[in-house]
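What follows is a short report on a single structure.
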Amino acid sequence: MQQKTLNVQGMSCGACANKVEGNVSKISGVESVKVLLSDGKVDVSYNDNDVKLEEIKNTIEDTGYKVKDESEKAGSSCSCCQ
């Protein structure tokens, strides 16, 4: 089991959190996903034998948000509300 916290840009409302949590939780191998809106982060626990981190990141980006590298700071502009 792996646990990772991703910096995600563009989330700041409940609809954003629900979209990301809903789409990521559908991936086979993802055990849990929790959006931390105030921090612009997504905590995800997954089985790396079943799913790779890149697939989780791609799912978040396909949902409409940008996964930032560790060195970049997540933003708080809400893509749902624009």
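Residues are named by chain letter and number: chains run A, B, ... in the order of the structure tokens, numbers start at 1 in each chain, and ligands are numbered from 1 in the order shown.
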
- [ ] Once DSSP has gone over the backbone, tell me which residues of chain A are in strand (DSSP E or B), as a VMD selection string.
- [x] chain A and resid 2 to 9 30 to 36 41 to 46 66 to 68

Open item on the list: Can you pull out the residues contacting segment 51-53 of chain A? Cut-off 10 Å, using only C-alpha atoms, and skip same-chain residues under 2 positions away; I want them as a list in words.
Closed with: Gln2, Gln3, Lys4, Leu6, Ile27, Ser28, Gly29, Val30, Val44, Ser45, Tyr46, Asn47, Asp48, Asn49, Glu55, Ile56, Lys57, Asn58 and Thr59 of chain A

Would you save the residues of that selection, restricted to N, CA and C atoms, as a tab-separated table (two decimals), in the first residue's frame?
chain	number	residue	atom	x	y	z
A	2	GLN	N	0.57	2.15	-0.90
A	2	GLN	CA	1.28	3.42	-0.99
A	2	GLN	C	0.34	4.55	-0.57
A	3	GLN	N	0.89	5.60	0.02
A	3	GLN	CA	0.12	6.80	0.31
A	3	GLN	C	0.88	7.98	-0.25
A	4	LYS	N	0.15	8.87	-0.91
A	4	LYS	CA	0.78	10.02	-1.55
A	4	LYS	C	-0.14	11.23	-1.39
A	6	LEU	N	-0.85	14.75	-3.22
A	6	LEU	CA	-0.61	15.46	-4.48
A	6	LEU	C	-1.04	16.91	-4.34
A	27	ILE	N	-11.06	4.20	-9.66
A	27	ILE	CA	-9.90	3.50	-10.22
A	27	ILE	C	-9.64	2.24	-9.39
A	28	SER	N	-9.53	1.11	-10.09
A	28	SER	CA	-9.22	-0.14	-9.42
A	28	SER	C	-7.84	-0.05	-8.78
A	29	GLY	N	-7.76	-0.37	-7.49
A	29	GLY	CA	-6.51	-0.30	-6.77
A	29	GLY	C	-6.42	0.89	-5.83
A	30	VAL	N	-7.31	1.87	-5.99
A	30	VAL	CA	-7.34	3.02	-5.09
A	30	VAL	C	-8.15	2.62	-3.85
A	44	VAL	N	-4.12	10.30	-1.32
A	44	VAL	CA	-4.60	9.08	-1.95
A	44	VAL	C	-3.79	7.89	-1.43
A	45	SER	N	-4.50	6.81	-1.10
A	45	SER	CA	-3.89	5.54	-0.72
A	45	SER	C	-4.24	4.54	-1.80
A	46	TYR	N	-3.24	3.80	-2.27
A	46	TYR	CA	-3.47	2.90	-3.39
A	46	TYR	C	-2.51	1.72	-3.34
A	47	ASN	N	-2.90	0.66	-4.02
A	47	ASN	CA	-2.06	-0.51	-4.15
A	47	ASN	C	-1.26	-0.36	-5.44
A	48	ASP	N	0.04	-0.19	-5.31
A	48	ASP	CA	0.84	0.07	-6.51
A	48	ASP	C	1.06	-1.16	-7.37
A	49	ASN	N	0.56	-2.30	-6.95
A	49	ASN	CA	0.55	-3.47	-7.83
A	49	ASN	C	-0.62	-3.42	-8.81
A	55	GLU	N	-1.38	7.07	-13.36
A	55	GLU	CA	-2.78	6.91	-13.74
A	55	GLU	C	-3.70	7.76	-12.85
A	56	ILE	N	-3.37	7.82	-11.58
A	56	ILE	CA	-4.15	8.65	-10.65
A	56	ILE	C	-4.01	10.12	-11.03
A	57	LYS	N	-2.79	10.56	-11.31
A	57	LYS	CA	-2.56	11.95	-11.73
A	57	LYS	C	-3.32	12.25	-13.02
A	58	ASN	N	-3.26	11.33	-13.98
A	58	ASN	CA	-3.96	11.54	-15.25
A	58	ASN	C	-5.47	11.65	-15.05
A	59	THR	N	-6.01	10.87	-14.14
A	59	THR	CA	-7.46	10.94	-13.86
A	59	THR	C	-7.82	12.30	-13.28

So that I can check the surroundings of Val33 of chain A, please list as a PDB file with N, CA and C atoms, in the first residue's frame every protein, DNA and RNA residue that reaches within 9 Å of it, counting only C-alpha atoms and ignoring chain neighbours fewer than 5 positions away.
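This went into result_38.pdb:
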ATOM      1  N   VAL A  20     -13.254  15.170  -7.982  1.00  0.00           N
ATOM      2  CA  VAL A  20     -11.956  14.503  -7.885  1.00  0.00           C
ATOM      3  C   VAL A  20     -12.086  13.208  -7.083  1.00  0.00           C
ATOM      4  N   GLU A  21     -12.721  13.287  -5.913  1.00  0.00           N
ATOM      5  CA  GLU A  21     -12.859  12.091  -5.082  1.00  0.00           C
ATOM      6  C   GLU A  21     -13.652  11.001  -5.805  1.00  0.00           C
ATOM      7  N   GLY A  22     -14.716  11.386  -6.496  1.00  0.00           N
ATOM      8  CA  GLY A  22     -15.538  10.418  -7.206  1.00  0.00           C
ATOM      9  C   GLY A  22     -14.789   9.728  -8.329  1.00  0.00           C
ATOM     10  N   VAL A  24     -11.405   9.546  -8.863  1.00  0.00           N
ATOM     11  CA  VAL A  24     -10.230   8.796  -8.421  1.00  0.00           C
ATOM     12  C   VAL A  24     -10.647   7.521  -7.695  1.00  0.00           C
ATOM     13  N   SER A  25     -11.722   7.582  -6.922  1.00  0.00           N
ATOM     14  CA  SER A  25     -12.151   6.393  -6.168  1.00  0.00           C
ATOM     15  C   SER A  25     -12.651   5.274  -7.079  1.00  0.00           C
ATOM     16  N   VAL A  42      -4.575  16.533  -2.502  1.00  0.00           N
ATOM     17  CA  VAL A  42      -5.360  15.303  -2.562  1.00  0.00           C
ATOM     18  C   VAL A  42      -4.518  14.198  -1.926  1.00  0.00           C
ATOM     19  N   ASP A  43      -5.038  13.603  -0.858  1.00  0.00           N
ATOM     20  CA  ASP A  43      -4.398  12.448  -0.238  1.00  0.00           C
ATOM     21  C   ASP A  43      -4.981  11.198  -0.868  1.00  0.00           C
ATOM     22  N   VAL A  44      -4.124  10.305  -1.315  1.00  0.00           N
ATOM     23  CA  VAL A  44      -4.598   9.078  -1.949  1.00  0.00           C
ATOM     24  C   VAL A  44      -3.793   7.893  -1.429  1.00  0.00           C
ATOM     25  N   SER A  45      -4.504   6.813  -1.096  1.00  0.00           N
ATOM     26  CA  SER A  45      -3.889   5.543  -0.719  1.00  0.00           C
ATOM     27  C   SER A  45      -4.241   4.542  -1.804  1.00  0.00           C
ATOM     28  N   TYR A  46      -3.236   3.801  -2.273  1.00  0.00           N
ATOM     29  CA  TYR A  46      -3.475   2.901  -3.395  1.00  0.00           C
ATOM     30  C   TYR A  46      -2.509   1.717  -3.341  1.00  0.00           C
TER      31      TYR A  46
END

Task: Counting only C-alpha atoms, the option among A:Tyr65, A:Glu54, A:Leu37, A:Lys26 closest to Gly10 of chain A - done: A:Tyr65
